[in-house]
Every structure is written in structure tokens, then in C-alpha cells.
>>> print(open('start19.txt').read())   # compact mmCIF, C-alpha atoms and all ligand atoms
# COMPACT_ATOMS: atom_id res chain seq x y z
CA MET R 282 -81.39 -9.54 -20.61
CA LYS R 283 -79.49 -8.04 -17.70
CA LYS R 284 -75.96 -9.31 -17.20
CA LYS R 285 -75.61 -11.36 -14.01
CA LEU R 286 -72.44 -11.03 -11.95
CA VAL R 287 -71.55 -12.65 -8.63
CA PHE R 288 -69.59 -10.76 -5.98
CA ALA R 289 -67.91 -13.47 -3.84
CA THR R 290 -68.99 -11.93 -0.55
CA ASN R 291 -71.87 -11.82 1.89
CA ASN R 292 -70.86 -8.44 3.28
CA ALA R 293 -74.09 -6.45 2.88
CA HIS R 294 -72.31 -3.10 3.07
CA LYS R 295 -69.88 -3.92 0.24
CA LEU R 296 -72.74 -5.28 -1.89
CA SER R 297 -74.98 -2.25 -1.56
CA GLU R 298 -72.06 0.12 -2.23
CA ILE R 299 -71.21 -1.62 -5.52
CA ARG R 300 -74.87 -2.14 -6.53
CA ALA R 301 -75.36 1.62 -6.26
CA MET R 302 -72.32 2.28 -8.48
CA LEU R 303 -73.34 -0.28 -11.14
CA GLY R 304 -76.91 0.99 -11.47
CA GLU R 305 -79.50 -0.93 -13.46
CA LYS R 306 -77.28 -2.46 -16.14
CA ILE R 307 -75.87 -5.34 -14.10
CA GLU R 308 -77.59 -7.67 -11.63
CA LEU R 309 -75.14 -8.18 -8.77
CA LEU R 310 -75.59 -11.43 -6.84
CA SER R 311 -74.12 -12.35 -3.45
CA LEU R 312 -72.91 -15.81 -2.40
CA ALA R 313 -76.20 -16.35 -0.56
CA ASP R 314 -78.10 -15.45 -3.77
CA ILE R 315 -76.44 -18.37 -5.61
CA ASP R 316 -76.88 -20.66 -2.59
CA CYS R 317 -73.16 -20.89 -1.89
CA HIS R 318 -72.50 -21.30 1.83
CA ASP R 319 -68.97 -22.69 1.54
CA GLU R 320 -65.96 -21.44 3.44
CA ILE R 321 -64.06 -20.28 0.34
CA PRO R 322 -60.32 -20.92 0.71
CA GLU R 323 -58.02 -17.88 0.97
CA THR R 324 -54.64 -19.53 1.31
CA ALA R 325 -52.45 -17.61 -1.14
CA GLU R 326 -49.49 -15.39 -0.26
CA THR R 327 -50.58 -12.24 -2.11
CA LEU R 328 -53.76 -10.16 -2.17
CA GLU R 329 -54.06 -10.68 -5.93
CA GLU R 330 -53.74 -14.48 -5.70
CA ASN R 331 -56.25 -14.60 -2.84
CA ALA R 332 -58.79 -12.57 -4.81
CA LEU R 333 -58.20 -14.79 -7.87
CA GLN R 334 -58.51 -17.94 -5.77
CA LYS R 335 -61.96 -16.84 -4.51
CA ALA R 336 -63.19 -15.72 -7.95
CA ARG R 337 -61.97 -18.97 -9.60
CA TYR R 338 -63.63 -21.06 -6.89
CA ILE R 339 -67.03 -19.57 -7.74
CA HIS R 340 -66.53 -19.52 -11.49
CA GLU R 341 -65.43 -23.18 -11.62
CA ARG R 342 -68.26 -24.49 -9.41
CA TYR R 343 -71.17 -22.21 -10.33
CA GLY R 344 -70.30 -21.03 -13.84
CA PHE R 345 -71.10 -17.37 -13.22
CA ASP R 346 -68.96 -14.41 -14.18
CA CYS R 347 -67.77 -13.14 -10.82
CA PHE R 348 -65.32 -11.05 -8.85
CA ALA R 349 -63.73 -11.16 -5.40
CA ASP R 350 -61.70 -8.71 -3.33
CA ASP R 351 -58.91 -8.89 -0.79
CA THR R 352 -57.46 -6.05 1.27
CA GLY R 353 -54.26 -5.67 3.25
CA LEU R 354 -52.53 -3.03 5.34
CA GLU R 355 -48.89 -2.70 4.21
CA VAL R 356 -46.57 -1.06 6.72
CA GLU R 357 -43.06 0.01 5.58
CA GLU R 358 -41.37 -0.67 8.93
CA LEU R 359 -42.86 -4.20 8.87
CA GLY R 360 -41.53 -4.97 5.37
CA GLY R 361 -44.98 -4.58 3.86
CA GLY R 362 -46.74 -6.61 6.58
CA PRO R 363 -49.18 -7.56 7.85
CA GLY R 364 -50.31 -7.49 4.17
CA VAL R 365 -52.12 -10.66 3.28
CA HIS R 366 -52.32 -11.52 7.03
CA THR R 367 -54.06 -8.23 7.98
CA ALA R 368 -57.35 -9.79 9.15
CA ARG R 369 -55.58 -12.34 11.40
CA TYR R 370 -52.56 -10.31 12.48
CA ALA R 371 -52.87 -10.84 16.25
CA TYR R 372 -54.10 -14.45 16.16
CA PRO R 373 -53.61 -16.74 13.13
CA ASP R 374 -56.87 -18.59 13.72
CA ARG R 375 -59.31 -15.70 14.16
CA CYS R 376 -60.02 -12.09 13.30
CA ASP R 377 -59.85 -9.87 16.41
CA PRO R 378 -59.83 -6.22 15.26
CA VAL R 379 -59.04 -4.78 18.72
CA ALA R 380 -56.10 -7.15 19.28
CA ASN R 381 -54.91 -6.52 15.69
CA THR R 382 -54.77 -2.76 16.26
CA GLN R 383 -53.04 -3.15 19.61
CA ARG R 384 -50.40 -5.44 18.11
CA LEU R 385 -49.73 -2.95 15.33
CA LEU R 386 -49.26 -0.07 17.79
CA ARG R 387 -46.99 -2.27 19.91
CA GLU R 388 -44.81 -3.30 16.94
CA LEU R 389 -44.34 0.36 15.97
CA THR R 390 -43.59 1.69 19.46
CA LYS R 391 -40.79 4.29 19.22
CA LYS R 392 -40.46 3.73 15.46
CA SER R 393 -40.13 6.93 13.45
CA ASN R 394 -41.08 5.47 10.04
CA ARG R 395 -44.84 5.06 10.31
CA ARG R 396 -45.60 5.09 6.58
CA ALA R 397 -48.23 2.58 5.47
CA GLN R 398 -50.81 1.95 2.80
CA PHE R 399 -54.09 0.13 2.49
CA ARG R 400 -54.30 -1.87 -0.73
CA THR R 401 -57.28 -3.66 -2.25
CA ALA R 402 -57.04 -6.16 -5.07
CA ILE R 403 -60.14 -7.13 -7.04
CA ALA R 404 -60.09 -10.16 -9.35
CA LEU R 405 -62.78 -10.38 -12.03
CA ILE R 406 -63.52 -13.39 -14.24
CA GLU R 407 -65.59 -12.26 -17.19
CA ASN R 408 -66.30 -14.37 -20.28
CA GLY R 409 -63.51 -16.74 -19.18
CA GLU R 410 -60.91 -13.95 -18.93
CA GLU R 411 -59.21 -12.81 -15.73
CA HIS R 412 -58.75 -9.13 -14.88
CA LEU R 413 -57.14 -7.47 -11.83
CA PHE R 414 -57.90 -4.02 -10.40
CA GLU R 415 -56.00 -2.28 -7.60
CA GLY R 416 -56.85 0.55 -5.21
CA VAL R 417 -54.29 2.15 -2.89
CA VAL R 418 -54.45 4.83 -0.23
CA ARG R 419 -51.15 5.96 1.29
CA GLY R 420 -50.80 7.29 4.79
CA TYR R 421 -49.39 6.77 8.27
CA ILE R 422 -50.00 4.68 11.36
CA ALA R 423 -50.99 7.00 14.24
CA THR R 424 -49.29 6.62 17.62
CA GLU R 425 -52.61 5.92 19.35
CA GLU R 426 -56.22 5.10 18.45
CA ARG R 427 -58.27 8.17 17.46
CA GLY R 428 -61.90 8.46 16.36
CA THR R 429 -64.96 6.26 16.57
CA ASP R 430 -66.22 5.68 12.99
CA GLY R 431 -65.51 2.75 10.72
CA PHE R 432 -64.05 -0.64 11.55
CA GLY R 433 -60.81 -2.65 11.73
CA TYR R 434 -57.69 -0.48 11.65
CA ASP R 435 -59.60 2.78 10.97
CA PRO R 436 -58.70 4.38 14.35
CA VAL R 437 -54.95 4.07 13.64
CA PHE R 438 -54.72 4.69 9.87
CA SER R 439 -54.30 8.30 8.78
CA PRO R 440 -54.47 8.96 5.01
CA GLU R 441 -51.83 11.34 3.65
CA GLU R 442 -52.53 15.08 3.88
CA THR R 443 -55.53 14.72 6.17
CA GLY R 444 -53.91 14.70 9.63
CA LEU R 445 -56.90 12.63 10.77
CA THR R 446 -57.51 8.90 11.04
CA PHE R 447 -60.14 7.14 8.92
CA ALA R 448 -62.18 6.80 12.14
CA GLU R 449 -62.05 10.59 12.63
CA LEU R 450 -62.75 11.43 8.97
CA GLY R 451 -66.09 9.62 9.04
CA VAL R 452 -67.50 6.98 6.74
CA GLU R 453 -68.70 9.32 3.99
CA THR R 454 -65.32 10.98 3.47
CA LYS R 455 -63.49 7.70 3.90
CA ASN R 456 -65.61 5.98 1.26
CA LYS R 457 -64.63 8.64 -1.31
CA ILE R 458 -60.89 8.15 -0.92
CA SER R 459 -60.43 4.63 0.40
CA HIS R 460 -58.41 1.81 -1.15
CA ARG R 461 -61.64 -0.16 -1.70
CA ALA R 462 -63.45 2.79 -3.32
CA ARG R 463 -60.54 3.28 -5.73
CA ALA R 464 -60.43 -0.40 -6.73
CA VAL R 465 -64.22 -0.58 -7.06
CA GLU R 466 -64.24 2.54 -9.22
CA LYS R 467 -61.82 0.89 -11.68
CA LEU R 468 -63.90 -2.31 -11.69
CA CYS R 469 -67.14 -0.41 -12.35
CA ARG R 470 -65.57 1.67 -15.15
CA HIS R 471 -64.47 -1.59 -16.80
CA LEU R 472 -67.86 -3.30 -16.37
CA LEU R 473 -69.80 -0.31 -17.65
CA GLY R 474 -67.40 0.15 -20.57
CA GLU R 475 -66.52 3.72 -19.56
P1 LIG F 501 -61.07 -7.81 3.61
O1 LIG F 501 -60.20 -8.43 2.56
O2 LIG F 501 -61.97 -6.73 3.08
O3 LIG F 501 -61.80 -8.84 4.44
O4 LIG F 501 -60.08 -7.07 4.63
C1 LIG F 501 -59.10 -7.78 5.38
C2 LIG F 501 -58.84 -7.08 6.70
O5 LIG F 501 -58.27 -5.79 6.44
C3 LIG F 501 -60.09 -6.81 7.53
O6 LIG F 501 -60.35 -7.85 8.42
C4 LIG F 501 -59.71 -5.56 8.29
O7 LIG F 501 -58.99 -5.91 9.44
C5 LIG F 501 -58.76 -4.84 7.36
N1 LIG F 501 -59.43 -3.78 6.59
C6 LIG F 501 -59.88 -3.88 5.31
N2 LIG F 501 -60.42 -2.72 4.91
C7 LIG F 501 -60.31 -1.87 5.97
C8 LIG F 501 -60.72 -0.52 6.15
O8 LIG F 501 -61.29 0.15 5.28
N3 LIG F 501 -60.44 0.01 7.37
C9 LIG F 501 -59.83 -0.68 8.36
N4 LIG F 501 -59.46 -1.95 8.25
C10 LIG F 501 -59.69 -2.55 7.04
>>> encode(input="start19.txt", output="C-alpha cells")
Amino acid sequence: MKKKLVFATNNAHKLSEIRAMLGEKIELLSLADIDCHDEIPETAETLEENALQKARYIHERYGFDCFADDTGLEVEELGGGPGVHTARYAYPDRCDPVANTQRLLRELTKKSNRRAQFRTAIALIENGEEHLFEGVVRGYIATEERGTDGFGYDPVFSPEETGLTFAELGVETKNKISHRARAVEKLCRHLLGE
């Protein structure tokens, strides 16, 4: 019988990306597939704890092996922020990607240290054991928005040695080198026993 695994998300893009990497060996289920429509709490102070919190929530209530992810943008000049607050950087009660990007550019006005990294943590609960996987891409915050592809902070994040922002590089190139791709690759290698 195929192994069933829940990904604690309803993001169709993330699901199809990971389904393609896992192939036929594992049946990947979304939250909707297990009839979970809860607002899963994400109240921890680190990416790892947030990912674990989401994975544990599903495992405890639904009994499935499962994994969850959490991503943050960590900017040196901001002491590693916005980090765990990346999605709600501009407004604590909602995710406004345009306002988030504008706030970031404003905070870094005239700052010379623009080093930053995107980091994704994935927490997996498998046969009762917890595992963590991390993916990082280092780079810089641009001085203005550039490019039209992608989402979120893509127009202002420039991965090292590219000279372009994620939004200029395009989705295909981005998805080969991104924080999420790197974390997902480690997860898939573990699940497929490679
Ligand atoms: P999540 O944990 O995947 O929901 O990501 C949290 C927040 O980080 C999102 O709301 C986005 O603002 C930002 N983010 C995550 N991944 C990316 C990316 O690949 N490009 C740009 N922004 C991202």
C-alpha cells in the first residue's frame, strides 16, 4: 500500500511541486483532502517551532504522518528580522505583500549592509519521530523593486552572484535555487530513502 503523508497546506502550487518530486511512491494529501479547515496556530518565535507546531497539530488530531513548512526573510541590518514575522511585517493582523516590501525598502534606506537570506524550515513527523530540514538562499535586498515574476518579496530579493532579483530571474530559475526548493529537496531525499 502507498504511504500516505499530509502536507499541512492548501497552497496548490507548493503541493504540485512536491508531488512531482515524490513521484508515485507516496500519496501526498492536503489539508482539504483530510477535511481539515481549521486556522492552524502559528504562534511560535522561530521558523522551526512554527513548522513543528503546525505538523504536531495535524498529527495529534488526525493521526497522519505529516509535514509543515515556514519561511522567513532574515535581514542582517534588521538583526535577522523580519524572520518569523515576514508575512505580516507591515501590519501585524494581515499579510499585505506590497506594504511589506515598501516597509523593507524604507527600513533599509541609505543602509550599506543589505545582506539577507531567505530561510525555510520543514518539520516532518514520521512514525512518531520529529525531523527538521532547512533550506537557505543568501543574497541582498535591492534598493528598489525590479522584475515582475513571483510573489511576496521577490522584486527586492537578489540571490548572491546573480545580480538579478528573484522577480527578474523568473519562476523556473528561482525554483531551482530557492530556499524552499533546497528544504524540499532534503525532505524528499529523506522520504525516498536516497
Ligand atoms: P510561508 O511560510 O511560505 O507562508 O512564507 C511566509 C512569507 O514569506 C510569505 O507571506 C511571503 O511574504 C514570504 N515569502 C516566502 N517565500 C517567498 C518567496 O519565495 N519569495 C518571496 N517572498 C516569500
>>> residues_around(input="start19.txt", residues="range 342-356 of chain R", least_positions_apart="2", cutoff="9 Å", atoms="only C-alpha atoms", output="MDAnalysis selection string")
chainID R and resid 285:290 310 315 317 328:329 331:340 358:368 395:409 421:422 434 460:461
>>> closest_residue(input="start19.txt", among="R:Ile458, R:Leu473, R:Ala464, R:Val418", to="Ile307 in chain R", atoms="all atoms listed in the file")
R:Leu473
>>> axis_aligned_box(input="start19.txt", around="ligand LIG 501 (chain F)", padding_each_side="5 Å", output="lines of an AutoDock Vina configuration file")
center_x = -60.1
center_y = -4.3
center_z = 6.0
size_x = 13.7
size_y = 19.0
size_z = 16.9
>>> residues_near_point(input="start19.txt", point="(-50.1, 5.8, 14.6)", cutoff="9 Å", atoms="only C-alpha atoms", output="MDAnalysis selection string")
chainID R and resid 385:386 389 395 421:427 436:439 446
>>> closest_residue(input="start19.txt", among="R:His412, R:Met282, R:Arg419, R:Lys457", to="Pro440 in chain R", atoms="all atoms listed in the file")
R:Arg419
>>> atom_distance(input="start19.txt", atom1="CA of Ala371 in chain R", atom2="CA of Ser393 in chain R")
22.0 Å
>>> atom_distance(input="start19.txt", atom1="CA of Gly431 in chain R", atom2="atom C7 of ligand LIG 501 (chain F)")
8.4 Å
>>> residues_around(input="start19.txt", residues="Ser459 in chain R", least_positions_apart="4", cutoff="8 Å", atoms="only C-alpha atoms", output="MDAnalysis selection string")
chainID R and resid 416:418 455 463
>>> build_atoms(input="start19.txt", residues="range 418-429 of chain R", atoms="all heavy atoms", output="PDB file, in the coordinates of the input")
ATOM      1  N   VAL R 418     -54.459   3.539  -0.909  1.00  0.00           N
ATOM      2  CA  VAL R 418     -54.450   4.830  -0.230  1.00  0.00           C
ATOM      3  C   VAL R 418     -53.238   4.848   0.697  1.00  0.00           C
ATOM      4  O   VAL R 418     -53.053   3.958   1.520  1.00  0.00           O
ATOM      5  CB  VAL R 418     -55.785   5.133   0.510  1.00  0.00           C
ATOM      6  CG1 VAL R 418     -56.138   4.095   1.553  1.00  0.00           C
ATOM      7  CG2 VAL R 418     -55.742   6.520   1.171  1.00  0.00           C
ATOM      8  N   ARG R 419     -52.368   5.870   0.474  1.00  0.00           N
ATOM      9  CA  ARG R 419     -51.150   5.960   1.290  1.00  0.00           C
ATOM     10  C   ARG R 419     -51.389   6.789   2.521  1.00  0.00           C
ATOM     11  O   ARG R 419     -52.236   7.688   2.516  1.00  0.00           O
ATOM     12  CB  ARG R 419     -50.027   6.608   0.471  1.00  0.00           C
ATOM     13  CG  ARG R 419     -49.589   5.751  -0.685  1.00  0.00           C
ATOM     14  CD  ARG R 419     -48.400   6.363  -1.416  1.00  0.00           C
ATOM     15  NE  ARG R 419     -48.524   6.158  -2.853  1.00  0.00           N
ATOM     16  CZ  ARG R 419     -48.354   4.992  -3.464  1.00  0.00           C
ATOM     17  NH1 ARG R 419     -48.060   3.919  -2.768  1.00  0.00           N
ATOM     18  NH2 ARG R 419     -48.489   4.892  -4.772  1.00  0.00           N
ATOM     19  N   GLY R 420     -50.620   6.513   3.562  1.00  0.00           N
ATOM     20  CA  GLY R 420     -50.800   7.290   4.790  1.00  0.00           C
ATOM     21  C   GLY R 420     -49.817   6.879   5.862  1.00  0.00           C
ATOM     22  O   GLY R 420     -48.689   6.456   5.553  1.00  0.00           O
ATOM     23  N   TYR R 421     -50.256   6.997   7.110  1.00  0.00           N
ATOM     24  CA  TYR R 421     -49.390   6.770   8.270  1.00  0.00           C
ATOM     25  C   TYR R 421     -50.159   6.010   9.353  1.00  0.00           C
ATOM     26  O   TYR R 421     -51.379   6.131   9.440  1.00  0.00           O
ATOM     27  CB  TYR R 421     -48.951   8.114   8.867  1.00  0.00           C
ATOM     28  CG  TYR R 421     -48.250   8.984   7.867  1.00  0.00           C
ATOM     29  CD1 TYR R 421     -48.976   9.882   7.076  1.00  0.00           C
ATOM     30  CD2 TYR R 421     -46.872   8.872   7.690  1.00  0.00           C
ATOM     31  CE1 TYR R 421     -48.332  10.659   6.117  1.00  0.00           C
ATOM     32  CE2 TYR R 421     -46.226   9.644   6.735  1.00  0.00           C
ATOM     33  CZ  TYR R 421     -46.959  10.540   5.956  1.00  0.00           C
ATOM     34  OH  TYR R 421     -46.318  11.288   5.007  1.00  0.00           O
ATOM     35  N   ILE R 422     -49.396   5.290  10.187  1.00  0.00           N
ATOM     36  CA  ILE R 422     -50.000   4.680  11.360  1.00  0.00           C
ATOM     37  C   ILE R 422     -49.874   5.676  12.521  1.00  0.00           C
ATOM     38  O   ILE R 422     -48.754   6.116  12.846  1.00  0.00           O
ATOM     39  CB  ILE R 422     -49.310   3.337  11.731  1.00  0.00           C
ATOM     40  CG1 ILE R 422     -49.354   2.362  10.541  1.00  0.00           C
ATOM     41  CG2 ILE R 422     -49.972   2.727  12.968  1.00  0.00           C
ATOM     42  CD1 ILE R 422     -50.756   2.012  10.023  1.00  0.00           C
ATOM     43  N   ALA R 423     -50.994   6.041  13.119  1.00  0.00           N
ATOM     44  CA  ALA R 423     -50.990   7.000  14.240  1.00  0.00           C
ATOM     45  C   ALA R 423     -50.309   6.351  15.448  1.00  0.00           C
ATOM     46  O   ALA R 423     -50.071   5.139  15.479  1.00  0.00           O
ATOM     47  CB  ALA R 423     -52.435   7.366  14.577  1.00  0.00           C
ATOM     48  N   THR R 424     -49.979   7.172  16.436  1.00  0.00           N
ATOM     49  CA  THR R 424     -49.290   6.620  17.620  1.00  0.00           C
ATOM     50  C   THR R 424     -50.290   6.105  18.652  1.00  0.00           C
ATOM     51  O   THR R 424     -49.910   5.455  19.623  1.00  0.00           O
ATOM     52  CB  THR R 424     -48.388   7.686  18.272  1.00  0.00           C
ATOM     53  OG1 THR R 424     -49.172   8.862  18.447  1.00  0.00           O
ATOM     54  CG2 THR R 424     -47.186   7.995  17.397  1.00  0.00           C
ATOM     55  N   GLU R 425     -51.564   6.437  18.447  1.00  0.00           N
ATOM     56  CA  GLU R 425     -52.610   5.920  19.350  1.00  0.00           C
ATOM     57  C   GLU R 425     -53.927   5.867  18.583  1.00  0.00           C
ATOM     58  O   GLU R 425     -54.042   6.483  17.522  1.00  0.00           O
ATOM     59  CB  GLU R 425     -52.761   6.832  20.571  1.00  0.00           C
ATOM     60  CG  GLU R 425     -53.139   8.221  20.137  1.00  0.00           C
ATOM     61  CD  GLU R 425     -53.083   9.251  21.244  1.00  0.00           C
ATOM     62  OE1 GLU R 425     -52.765   8.906  22.380  1.00  0.00           O
ATOM     63  OE2 GLU R 425     -53.388  10.417  20.933  1.00  0.00           O
ATOM     64  N   GLU R 426     -54.909   5.175  19.117  1.00  0.00           N
ATOM     65  CA  GLU R 426     -56.220   5.100  18.450  1.00  0.00           C
ATOM     66  C   GLU R 426     -56.925   6.449  18.557  1.00  0.00           C
ATOM     67  O   GLU R 426     -56.946   7.046  19.627  1.00  0.00           O
ATOM     68  CB  GLU R 426     -57.091   4.033  19.106  1.00  0.00           C
ATOM     69  CG  GLU R 426     -56.570   2.639  18.845  1.00  0.00           C
ATOM     70  CD  GLU R 426     -57.537   1.576  19.327  1.00  0.00           C
ATOM     71  OE1 GLU R 426     -58.740   1.724  19.105  1.00  0.00           O
ATOM     72  OE2 GLU R 426     -57.062   0.609  19.934  1.00  0.00           O
ATOM     73  N   ARG R 427     -57.509   6.908  17.439  1.00  0.00           N
ATOM     74  CA  ARG R 427     -58.270   8.170  17.460  1.00  0.00           C
ATOM     75  C   ARG R 427     -59.518   8.022  16.596  1.00  0.00           C
ATOM     76  O   ARG R 427     -59.441   7.524  15.481  1.00  0.00           O
ATOM     77  CB  ARG R 427     -57.402   9.321  16.913  1.00  0.00           C
ATOM     78  CG  ARG R 427     -56.121   9.582  17.699  1.00  0.00           C
ATOM     79  CD  ARG R 427     -55.577  10.992  17.415  1.00  0.00           C
ATOM     80  NE  ARG R 427     -55.627  11.329  15.999  1.00  0.00           N
ATOM     81  CZ  ARG R 427     -54.576  11.327  15.178  1.00  0.00           C
ATOM     82  NH1 ARG R 427     -53.388  11.000  15.629  1.00  0.00           N
ATOM     83  NH2 ARG R 427     -54.708  11.661  13.913  1.00  0.00           N
ATOM     84  N   GLY R 428     -60.666   8.470  17.126  1.00  0.00           N
ATOM     85  CA  GLY R 428     -61.900   8.460  16.360  1.00  0.00           C
ATOM     86  C   GLY R 428     -62.744   7.224  16.624  1.00  0.00           C
ATOM     87  O   GLY R 428     -62.263   6.230  17.191  1.00  0.00           O
ATOM     88  N   THR R 429     -64.006   7.310  16.213  1.00  0.00           N
ATOM     89  CA  THR R 429     -64.960   6.260  16.570  1.00  0.00           C
ATOM     90  C   THR R 429     -65.673   5.634  15.367  1.00  0.00           C
ATOM     91  O   THR R 429     -66.363   4.634  15.511  1.00  0.00           O
ATOM     92  CB  THR R 429     -66.055   6.819  17.511  1.00  0.00           C
ATOM     93  OG1 THR R 429     -66.600   7.986  16.896  1.00  0.00           O
ATOM     94  CG2 THR R 429     -65.485   7.179  18.874  1.00  0.00           C
TER      95      THR R 429
END
